[in-house]
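Below is my_file_26.txt, which holds compact mmCIF, C-alpha atoms.
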# COMPACT_ATOMS: atom_id res chain seq x y z
CA MET A 1 0.57 -3.19 -72.86
CA ASN A 2 -3.15 -3.30 -72.10
CA PRO A 3 -4.34 0.31 -71.63
CA VAL A 4 -7.57 -0.74 -69.85
CA GLU A 5 -7.32 -0.68 -66.06
CA HIS A 6 -9.42 -3.43 -64.51
CA LEU A 7 -11.02 -3.30 -61.08
CA SER A 8 -9.08 -6.40 -60.07
CA ASP A 9 -5.83 -4.48 -60.53
CA ARG A 10 -7.10 -1.68 -58.30
CA VAL A 11 -8.26 -4.18 -55.67
CA GLU A 12 -4.86 -5.85 -55.72
CA ALA A 13 -3.14 -2.47 -55.36
CA VAL A 14 -5.35 -1.57 -52.39
CA GLN A 15 -4.63 -4.96 -50.79
CA ARG A 16 -0.91 -4.48 -51.32
CA ASP A 17 -1.07 -1.03 -49.71
CA ARG A 18 -3.06 -2.43 -46.80
CA GLY A 19 -0.56 -5.25 -46.27
CA ARG A 20 2.30 -2.78 -46.50
CA ASN A 21 0.65 -0.57 -43.82
CA ARG A 22 0.08 -3.56 -41.53
CA GLU A 23 3.71 -4.56 -41.93
CA LEU A 24 4.85 -1.01 -41.05
CA GLN A 25 2.63 -0.99 -37.94
CA ARG A 26 3.91 -4.40 -36.86
CA ARG A 27 7.49 -3.23 -37.39
CA GLU A 28 6.84 -0.24 -35.14
CA ARG A 29 5.39 -2.49 -32.44
CA VAL A 30 8.28 -4.96 -32.68
CA PHE A 31 11.05 -2.36 -32.60
CA ASN A 32 9.41 -0.37 -29.80
CA ASP A 33 11.38 -1.55 -26.76
CA LYS A 34 8.99 -0.06 -24.22
CA LEU A 35 5.88 -1.70 -25.64
CA ARG A 36 7.68 -5.00 -26.27
CA THR A 37 9.13 -5.27 -22.76
CA ILE A 38 5.91 -4.27 -20.98
CA GLY A 39 3.76 -6.63 -23.03
CA VAL A 40 0.41 -5.06 -22.03
CA ASP A 41 -1.76 -2.16 -23.07
CA LYS A 42 -0.01 0.68 -21.28
CA ASP A 43 -2.64 3.28 -22.27
CA ALA A 44 -5.41 1.22 -20.70
CA LEU A 45 -3.35 0.70 -17.53
CA ASP A 46 -2.54 4.42 -17.34
CA HIS A 47 -6.25 5.17 -17.74
CA GLN A 48 -7.09 2.74 -14.94
CA VAL A 49 -4.44 4.30 -12.69
CA LYS A 50 -5.81 7.77 -13.46
CA GLU A 51 -9.37 6.68 -12.65
CA ARG A 52 -8.23 5.08 -9.39
CA ARG A 53 -6.36 8.23 -8.37
CA GLU A 54 -9.38 10.38 -9.21
CA LYS A 55 -11.57 8.05 -7.13
CA GLU A 56 -9.14 8.23 -4.20
CA GLN A 57 -9.05 12.03 -4.52
CA ARG A 58 -12.88 12.19 -4.50
CA GLU A 59 -13.04 9.92 -1.45
CA ALA A 60 -10.40 12.04 0.31
CA ASN A 61 -12.36 15.22 -0.47
CA GLU A 62 -15.60 13.66 0.79
CA LEU A 63 -13.85 12.48 3.97
CA LYS A 64 -12.40 15.96 4.47
CA ASP A 65 -15.81 17.59 4.02
CA TYR A 66 -17.32 15.12 6.49
CA ALA A 67 -14.53 15.82 8.99
CA ASP A 68 -15.04 19.59 8.58
CA GLU A 69 -18.76 19.14 9.15
CA LEU A 70 -18.06 17.04 12.27
CA LEU A 71 -15.67 19.71 13.58
CA CYS A 72 -18.29 22.41 12.97
CA SER A 73 -20.92 20.35 14.79
CA ASP A 74 -18.50 19.70 17.67
CA ARG A 75 -17.73 23.42 17.96
CA ALA A 76 -21.42 24.27 17.99
CA ALA A 77 -22.08 21.59 20.62
CA CYS A 78 -19.19 22.85 22.76
CA ILE A 79 -20.46 26.43 22.49
CA LEU A 80 -23.97 25.36 23.46
CA GLU A 81 -22.66 23.27 26.36
CA GLN A 82 -20.55 26.17 27.66
CA ARG A 83 -23.50 28.51 27.33
CA GLN A 84 -25.71 26.04 29.23
CA LYS A 85 -23.11 25.72 32.00
CA LYS A 86 -22.78 29.50 32.16
CA ASP A 87 -26.56 29.91 32.38
CA ASP A 88 -26.76 27.28 35.14
CA HIS A 89 -23.92 28.97 37.03
CA LEU A 90 -25.60 32.39 36.75
CA LEU A 91 -28.92 30.91 37.87
CA ASN A 92 -27.30 29.26 40.91
CA GLU A 93 -25.53 32.51 41.77
CA ALA A 94 -28.81 34.42 41.44
CA ILE A 95 -30.58 31.90 43.72
CA VAL A 96 -27.80 32.11 46.31
CA GLN A 97 -27.80 35.91 46.16
CA PHE A 98 -31.58 36.00 46.49
CA ARG A 99 -31.45 33.73 49.52
CA GLN A 100 -28.74 35.85 51.12
CA GLN A 101 -30.68 39.06 50.55
CA PHE A 102 -34.32 38.10 51.10
CA GLN A 103 -34.35 34.77 52.94
CA GLN A 104 -32.17 35.45 55.96
CA PRO A 105 -32.93 33.76 59.27
CA ALA A 106 -33.96 37.08 60.79
CA SER A 107 -36.85 37.38 58.31
CA ARG A 108 -38.52 34.20 59.50
CA ARG A 109 -41.76 34.35 61.44
CA GLU A 110 -40.54 32.27 64.42
CA PHE A 111 -37.10 33.90 64.59
CA ASP A 112 -38.05 35.86 67.73
CA LEU A 113 -38.52 32.55 69.55
CA ASN A 114 -35.12 31.19 68.45
CA ASP A 115 -33.11 34.42 68.46
CA PRO A 116 -29.82 33.72 70.29
CA GLU A 117 -29.41 37.43 71.13
CA LEU A 118 -32.90 37.87 72.57
CA LEU A 119 -31.64 38.39 76.14
CA LYS A 120 -29.12 40.99 74.99
CA LYS A 121 -31.86 42.90 73.25
CA GLN A 122 -34.07 42.78 76.37
CA GLU A 123 -31.40 44.22 78.69
CA GLY A 124 -32.36 47.58 80.04
CA VAL A 125 -36.00 47.24 79.01
CA GLN A 126 -38.41 48.23 81.73
CA ILE A 127 -41.34 46.01 82.46
CA LEU A 128 -44.54 47.61 81.38
CA PRO A 129 -47.16 48.14 84.03
CA GLY A 130 -49.40 45.18 84.47
CA LEU A 131 -49.06 41.64 85.49
CA THR A 132 -45.70 40.02 85.56
CA GLY A 133 -45.07 38.20 82.28
CA GLU A 134 -48.06 39.82 80.52
CA ASP A 135 -47.43 41.08 76.96
CA LEU A 136 -49.58 44.16 76.62
CA ALA A 137 -48.41 44.96 73.03
CA GLN A 138 -48.96 41.46 71.71
CA LYS A 139 -51.80 42.39 69.35
CA ASP A 140 -49.96 45.37 67.94
CA ARG A 141 -46.76 43.38 67.58
CA LEU A 142 -48.56 40.49 65.84
CA ARG A 143 -50.33 42.91 63.52
CA LYS A 144 -47.03 44.57 62.58
CA GLN A 145 -45.37 41.18 62.11
CA GLN A 146 -48.22 40.07 59.82
CA GLU A 147 -48.02 43.28 57.78
CA GLN A 148 -44.24 42.95 57.52
CA LEU A 149 -44.56 39.27 56.57
CA ARG A 150 -47.20 40.15 53.96
CA ALA A 151 -44.94 42.84 52.51
CA TRP A 152 -41.98 40.46 52.44
CA THR A 153 -44.11 37.75 50.80
CA LEU A 154 -45.34 40.13 48.08
CA GLN A 155 -41.79 41.36 47.49
CA GLN A 156 -40.49 37.78 47.24
CA GLN A 157 -43.33 36.87 44.83
CA ASP A 158 -42.46 39.89 42.65
CA GLN A 159 -38.79 38.97 42.66
CA LEU A 160 -39.58 35.34 41.86
CA GLU A 161 -41.83 36.43 38.99
CA ARG A 162 -39.10 38.68 37.62
CA ALA A 163 -36.53 35.89 37.97
CA LYS A 164 -38.87 33.46 36.18
CA GLN A 165 -39.46 35.96 33.38
CA GLU A 166 -35.71 36.58 32.99
CA LEU A 167 -35.08 32.82 33.00
CA GLN A 168 -37.83 32.28 30.42
CA GLN A 169 -36.40 35.08 28.27
CA GLU A 170 -32.91 33.58 28.46
CA MET A 171 -34.28 30.12 27.66
CA HIS A 172 -36.18 31.61 24.72
CA GLN A 173 -33.03 33.30 23.44
CA TYR A 174 -31.11 30.06 23.90
CA ASP A 175 -33.78 28.12 21.95
CA GLN A 176 -33.72 30.77 19.21
CA SER A 177 -29.95 30.50 18.92
CA ARG A 178 -30.15 26.70 18.77
CA LEU A 179 -32.86 26.89 16.10
CA ALA A 180 -30.73 29.35 14.12
CA LEU A 181 -27.72 27.02 14.31
CA ASP A 182 -29.86 24.03 13.30
CA ASN A 183 -31.38 25.96 10.40
CA ARG A 184 -27.92 27.05 9.29
CA ALA A 185 -26.68 23.45 9.44
CA LEU A 186 -29.71 22.30 7.41
CA GLU A 187 -29.11 25.06 4.85
CA LEU A 188 -25.45 24.06 4.52
CA GLN A 189 -26.45 20.40 4.13
CA LYS A 190 -29.06 21.29 1.49
CA MET A 191 -26.55 23.48 -0.36
CA GLU A 192 -24.02 20.64 -0.32
CA GLU A 193 -26.62 18.15 -1.59
CA GLN A 194 -27.70 20.59 -4.31
CA SER A 195 -24.10 21.15 -5.40
CA LYS A 196 -23.47 17.38 -5.51
CA ARG A 197 -26.72 16.84 -7.43
CA ALA A 198 -25.85 19.64 -9.87
CA ALA A 199 -22.36 18.20 -10.41
CA ALA A 200 -23.81 14.74 -11.02
CA ILE A 201 -26.39 16.13 -13.47
CA THR A 202 -23.71 18.13 -15.28
CA THR A 203 -21.45 15.08 -15.54
CA LYS A 204 -24.34 12.94 -16.76
CA ASP A 205 -25.38 15.53 -19.38
CA PHE A 206 -21.80 15.89 -20.55
CA ASN A 207 -21.37 12.11 -20.87
CA LEU A 208 -24.68 11.79 -22.73
CA ALA A 209 -23.77 14.65 -25.06
CA LEU A 210 -20.34 13.15 -25.67
CA ALA A 211 -21.82 9.71 -26.37
CA ALA A 212 -24.42 11.24 -28.70
CA GLU A 213 -21.74 13.22 -30.51
CA ILE A 214 -19.53 10.13 -30.94
CA THR A 215 -22.50 8.08 -32.19
CA HIS A 216 -23.53 10.84 -34.58
CA ARG A 217 -19.97 11.14 -35.89
CA HIS A 218 -19.71 7.38 -36.44
CA LEU A 219 -23.06 7.31 -38.23
CA GLN A 220 -22.07 10.28 -40.35
CA GLU A 221 -18.74 8.68 -41.27
CA HIS A 222 -20.48 5.42 -42.11
CA HIS A 223 -23.07 7.26 -44.19
CA GLU A 224 -20.36 9.23 -46.02
CA GLU A 225 -18.43 6.04 -46.65
CA VAL A 226 -21.53 4.32 -48.07
CA GLU A 227 -22.32 7.35 -50.24
CA ASN A 228 -18.74 7.50 -51.48
CA ASN A 229 -18.83 3.81 -52.32
CA GLN A 230 -22.13 4.18 -54.15
CA MET A 231 -20.89 7.26 -55.95
CA ASP A 232 -17.72 5.41 -56.89
CA ILE A 233 -19.77 2.50 -58.28
CA LEU A 234 -22.07 4.87 -60.20
CA ASN A 235 -19.12 6.75 -61.60
CA GLN A 236 -17.55 3.51 -62.70
CA LEU A 237 -20.79 2.31 -64.29
CA ASN A 238 -21.65 5.62 -65.98
CA GLY A 239 -18.13 6.61 -67.00
CA ASP A 240 -16.92 7.13 -70.50
CA LEU A 241 -14.91 3.96 -70.41
CA LEU A 242 -17.91 1.75 -69.63
CA MET A 243 -20.58 3.52 -71.71
CA GLU A 244 -18.86 3.29 -75.14
CA ASN A 245 -20.36 1.23 -77.97
CA PRO A 246 -18.96 -2.32 -77.89
CA GLU A 247 -19.45 -2.84 -81.67
CA GLN A 248 -16.51 -0.66 -82.69
CA ASN A 249 -13.89 -2.30 -80.46
CA ILE A 250 -13.12 -5.15 -82.90
CA SER A 251 -9.55 -4.91 -84.18
CA VAL A 252 -8.25 -6.19 -87.55
CA LEU A 253 -5.64 -8.16 -85.66
CA GLY A 254 -8.19 -10.42 -84.02
CA LEU A 255 -11.25 -10.55 -81.78
CA SER A 256 -9.07 -10.56 -78.69
CA ARG A 257 -7.63 -7.16 -79.59
CA LEU A 258 -9.31 -3.82 -78.87
CA ARG A 259 -9.05 -0.65 -80.86
CA ARG A 260 -8.44 2.29 -78.64
CA ASP A 261 -9.89 4.87 -81.00
CA TYR A 262 -13.14 2.93 -81.64
CA TYR A 263 -13.74 1.29 -78.29
CA LYS A 264 -17.39 1.95 -77.28
CA GLY A 265 -17.80 -0.08 -74.15
CA MET A 266 -18.56 -3.63 -73.11
CA SER A 267 -21.26 -5.93 -74.31
CA PRO A 268 -24.34 -6.63 -72.15
CA LYS A 269 -22.88 -9.96 -71.12
CA GLU A 270 -19.59 -8.36 -70.12
CA ARG A 271 -21.48 -5.60 -68.37
CA GLN A 272 -23.52 -8.18 -66.45
CA GLN A 273 -20.37 -10.02 -65.51
CA CYS A 274 -18.78 -6.77 -64.41
CA THR A 275 -21.86 -5.91 -62.37
CA GLN A 276 -21.82 -9.32 -60.73
CA TYR A 277 -18.12 -8.91 -60.02
CA GLN A 278 -18.73 -5.47 -58.47
CA LEU A 279 -21.54 -6.85 -56.34
CA GLN A 280 -19.28 -9.70 -55.28
CA GLN A 281 -16.59 -7.13 -54.53
CA ALA A 282 -19.05 -5.09 -52.44
CA GLU A 283 -20.03 -8.22 -50.53
CA ASP A 284 -16.37 -9.05 -50.02
CA ARG A 285 -15.83 -5.52 -48.77
CA LYS A 286 -18.73 -5.82 -46.32
CA ARG A 287 -17.43 -9.17 -45.19
CA ALA A 288 -13.96 -7.69 -44.71
CA ILE A 289 -15.46 -4.81 -42.67
CA MET A 290 -17.38 -7.29 -40.50
CA GLU A 291 -14.25 -9.40 -40.04
CA GLN A 292 -12.30 -6.27 -39.16
CA GLY A 293 -14.97 -5.29 -36.59
CA GLU A 294 -14.94 -8.80 -35.13
CA LYS A 295 -11.16 -8.66 -34.96
CA GLU A 296 -11.27 -5.29 -33.21
CA ARG A 297 -13.81 -6.59 -30.69
CA GLN A 298 -11.63 -9.64 -30.07
CA GLU A 299 -8.58 -7.42 -29.60
CA HIS A 300 -10.56 -5.25 -27.19
CA HIS A 301 -11.59 -8.36 -25.25
CA GLU A 302 -7.98 -9.51 -25.15
CA ARG A 303 -6.87 -6.08 -23.90
CA MET A 304 -9.51 -6.12 -21.17
CA THR A 305 -8.47 -9.65 -20.21
CA SER A 306 -4.81 -8.58 -20.07
CA ALA A 307 -5.70 -5.54 -17.97
CA ARG A 308 -7.74 -7.69 -15.59
CA ALA A 309 -4.89 -10.19 -15.35
CA ALA A 310 -2.45 -7.36 -14.66
CA LEU A 311 -4.73 -6.03 -11.91
CA LEU A 312 -4.94 -9.49 -10.35
CA LEU A 313 -1.15 -9.79 -10.51
CA GLU A 314 -0.81 -6.40 -8.88
CA ARG A 315 -3.13 -7.43 -6.05
CA GLN A 316 -1.24 -10.73 -5.65
CA GLN A 317 2.06 -8.83 -5.55
CA ALA A 318 0.58 -6.50 -2.91
CA ARG A 319 -0.43 -9.51 -0.80
CA ILE A 320 3.04 -11.04 -1.22
CA ASN A 321 4.65 -7.73 -0.21
CA LYS A 322 2.39 -7.61 2.83
CA GLU A 323 3.43 -11.15 3.81
CA LEU A 324 7.10 -10.27 3.30
CA ARG A 325 6.67 -7.13 5.37
CA ARG A 326 5.03 -9.11 8.17
CA ALA A 327 7.85 -11.69 8.08
CA MET A 328 10.44 -8.90 8.09
CA ASP A 329 8.74 -7.27 11.09
CA ASN A 330 8.81 -10.58 12.96
CA THR A 331 12.50 -11.04 12.09
CA ASN A 332 13.31 -7.49 13.21
CA ALA A 333 11.45 -8.07 16.48
CA GLN A 334 13.47 -11.24 17.09
CA LEU A 335 16.71 -9.44 16.23
CA ALA A 336 15.75 -6.60 18.57
CA GLN A 337 15.11 -9.08 21.39
CA ALA A 338 18.45 -10.79 20.71
CA HIS A 339 20.20 -7.41 20.63
CA ASP A 340 18.61 -6.39 23.94
CA ALA A 341 19.64 -9.73 25.48
CA GLN A 342 23.21 -9.26 24.19
CA ASN A 343 23.38 -5.71 25.55
CA LYS A 344 22.11 -6.91 28.92
CA HIS A 345 24.73 -9.69 28.91
CA LEU A 346 27.48 -7.22 28.00
CA GLN A 347 26.39 -4.89 30.77
CA ASP A 348 26.56 -7.76 33.23
CA VAL A 349 30.01 -8.95 32.00
CA TYR A 350 31.78 -5.63 31.26
CA THR A 351 31.33 -3.52 34.35
CA ASN A 352 34.40 -1.34 33.90
CA ILE A 353 33.09 1.21 31.36
CA PRO A 354 35.77 3.63 30.02
CA ASP A 355 35.17 7.31 30.65
CA GLU A 356 36.49 10.50 29.01
CA ARG A 357 39.89 10.25 30.74
CA TYR A 358 40.57 7.00 28.91
CA PHE A 359 40.03 8.59 25.50
CA THR A 360 41.98 11.77 26.23
CA GLN A 361 45.29 9.86 26.32
CA PHE A 362 45.16 9.18 22.57
CA ASN A 363 46.00 11.55 19.70
CA THR A 364 48.11 13.77 21.92
CA SER A 365 50.95 14.23 19.38
CA SER A 366 51.40 14.60 15.60
CA ARG A 367 52.99 11.17 15.20

Output the file's structure as structure tokens, nothing else.
Amino acid sequence: MNPVEHLSDRVEAVQRDRGRNRELQRRERVFNDKLRTIGVDKDALDHQVKERREKEQREANELKDYADELLCSDRAACILEQRQKKDDHLLNEAIVQFRQQFQQPASRREFDLNDPELLKKQEGVQILPGLTGEDLAQKDRLRKQQEQLRAWTLQQQDQLERAKQELQQEMHQYDQSRLALDNRALELQKMEEQSKRAAAITTKDFNLALAAEITHRHLQEHHEEVENNQMDILNQLNGDLLMENPEQNISVLGLSRLRRDYYKGMSPKERQQCTQYQLQQAEDRKRAIMEQGEKERQEHHERMTSARAALLLERQQARINKELRRAMDNTNAQLAQAHDAQNKHLQDVYTNIPDERYFTQFNTSSR
């Protein structure tokens, strides 16, 4: 038996192990009833379903927030409208009350000419001395009427000024309350926008950090793999088995035999051939890695194509179900019309409808 272990033997052993692992994986896929019957990438479909549900949940939450905001705005508008109606009602009541108190017909300047009870008031009044029909106190009466009218006018002006000031104060308070509500609504809107912006920034930073971490891990694994390969090659080249003197490996049994106790390594030609073989092996390894990457990309493309085809089939099935539902609704409507027509016909034909007395004559004994 040859005690020297060649690199070709190790390569063949690695290839056999790799083929054995592929066969085990294929056997698991073949004997897995769930994966074989579904025939698609279930993990990718589950991920798509999860993303769609999360999207629907986000849209539902946004719609709920918008509805809550609309309800809050409607409540504020209703409150403001009720307050405006109340203010208008109070103002109208104040105007009516002011007119009843300070603008009565008796306070008018020409009321003495149109007073319906003037004759009643003049009964029993003696005619002053003088000419008949002469008003001796006209000047005094006019002066008193002017003073009274001036006093009433000043009082009305003061009351109007106070009413205007109260109305302006109420309008100012109303404007302040509206401004406060508007400012509160703007603050809530800004807070909501800031929270959404912060959530988006946090999600973006997390995704970037996750992508950077995955990239760094892949680069580190690739670098470690390259270093391990280089270290393996250096160990093989600088090992005791390869650095022995090739002059003492000649056996007495022939040049093709090697002496184990005097083997000192390979000749420069054999070493060059071994180096070329190792380089060829490294190139083959790189080529195999590239082929494996291309195969993985192709498998990923096939999975995406299958997922897209499954999504299209799902949409087509939804359209077919919708058509079937529409046809079923039409059929049910026709059946309902036929049933109504039959009931109407039966009501017209069978006029003698049995009552409770007809049913009480049955089941009267145990037989």

Long-range neighbours of region 74-89 of chain A as a ChimeraX atom specification, 12 Å cut-off, only C-alpha atoms, 4 positions minimum in chain: /A:67-70,93-96,166-171,173-182,184-185

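The spacing separating CA of Glu147 (chain A) from CA of Ser107 (chain A) amounts to 12.6 Å.
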
Computed interatomic separation between CA of Phe102 (chain A) and CA of Gln156 (chain A) (Å): 7.3 Å

Distance query region 223-231 of chain A at most 12 Å, all atoms listed in the file, self and fewer than 5 positions along chain excluded, as an MDAnalysis selection string: chainID A and resid 216:218 236:239 278:279 281:282 285:286 289

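Between CA of Asp232 (chain A) and CA of Pro268 (chain A) the interatomic distance comes to 20.5 Å.
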
Could you get me a file of region 51-92 of chain A with C-alpha atoms, as a PDB file, in the first residue's frame, taken from the block above?
ATOM      1  CA  GLU A  51     -45.658  41.485   3.926  1.00  0.00           C
ATOM      2  CA  ARG A  52     -49.117  41.903   2.385  1.00  0.00           C
ATOM      3  CA  ARG A  53     -50.798  41.516   5.778  1.00  0.00           C
ATOM      4  CA  GLU A  54     -48.401  44.028   7.331  1.00  0.00           C
ATOM      5  CA  LYS A  55     -49.150  46.452   4.476  1.00  0.00           C
ATOM      6  CA  GLU A  56     -52.907  45.994   4.954  1.00  0.00           C
ATOM      7  CA  GLN A  57     -52.487  46.519   8.714  1.00  0.00           C
ATOM      8  CA  ARG A  58     -50.499  49.741   8.106  1.00  0.00           C
ATOM      9  CA  GLU A  59     -53.141  50.995   5.667  1.00  0.00           C
ATOM     10  CA  ALA A  60     -55.897  50.144   8.151  1.00  0.00           C
ATOM     11  CA  ASN A  61     -54.046  52.015  10.925  1.00  0.00           C
ATOM     12  CA  GLU A  62     -53.523  55.043   8.669  1.00  0.00           C
ATOM     13  CA  LEU A  63     -57.206  55.000   7.668  1.00  0.00           C
ATOM     14  CA  LYS A  64     -58.206  54.754  11.330  1.00  0.00           C
ATOM     15  CA  ASP A  65     -55.965  57.692  12.272  1.00  0.00           C
ATOM     16  CA  TYR A  66     -57.410  59.721   9.396  1.00  0.00           C
ATOM     17  CA  ALA A  67     -60.958  58.844  10.487  1.00  0.00           C
ATOM     18  CA  ASP A  68     -60.149  59.818  14.097  1.00  0.00           C
ATOM     19  CA  GLU A  69     -58.730  63.110  12.875  1.00  0.00           C
ATOM     20  CA  LEU A  70     -61.859  63.727  10.775  1.00  0.00           C
ATOM     21  CA  LEU A  71     -64.076  62.958  13.775  1.00  0.00           C
ATOM     22  CA  CYS A  72     -62.055  65.361  15.931  1.00  0.00           C
ATOM     23  CA  SER A  73     -62.349  68.082  13.280  1.00  0.00           C
ATOM     24  CA  ASP A  74     -66.095  67.430  12.950  1.00  0.00           C
ATOM     25  CA  ARG A  75     -66.551  67.693  16.718  1.00  0.00           C
ATOM     26  CA  ALA A  76     -64.610  70.946  16.809  1.00  0.00           C
ATOM     27  CA  ALA A  77     -66.648  72.314  13.894  1.00  0.00           C
ATOM     28  CA  CYS A  78     -69.919  71.282  15.578  1.00  0.00           C
ATOM     29  CA  ILE A  79     -68.839  72.916  18.843  1.00  0.00           C
ATOM     30  CA  LEU A  80     -67.899  76.126  17.033  1.00  0.00           C
ATOM     31  CA  GLU A  81     -71.156  76.112  15.070  1.00  0.00           C
ATOM     32  CA  GLN A  82     -73.213  75.619  18.243  1.00  0.00           C
ATOM     33  CA  ARG A  83     -71.281  78.381  19.960  1.00  0.00           C
ATOM     34  CA  GLN A  84     -71.876  80.698  16.994  1.00  0.00           C
ATOM     35  CA  LYS A  85     -75.607  79.908  17.021  1.00  0.00           C
ATOM     36  CA  LYS A  86     -75.723  80.487  20.775  1.00  0.00           C
ATOM     37  CA  ASP A  87     -73.927  83.820  20.405  1.00  0.00           C
ATOM     38  CA  ASP A  88     -76.306  84.884  17.625  1.00  0.00           C
ATOM     39  CA  HIS A  89     -79.304  83.849  19.731  1.00  0.00           C
ATOM     40  CA  LEU A  90     -78.021  85.791  22.756  1.00  0.00           C
ATOM     41  CA  LEU A  91     -77.321  88.831  20.577  1.00  0.00           C
ATOM     42  CA  ASN A  92     -80.840  88.729  19.098  1.00  0.00           C
TER      43      ASN A  92
END
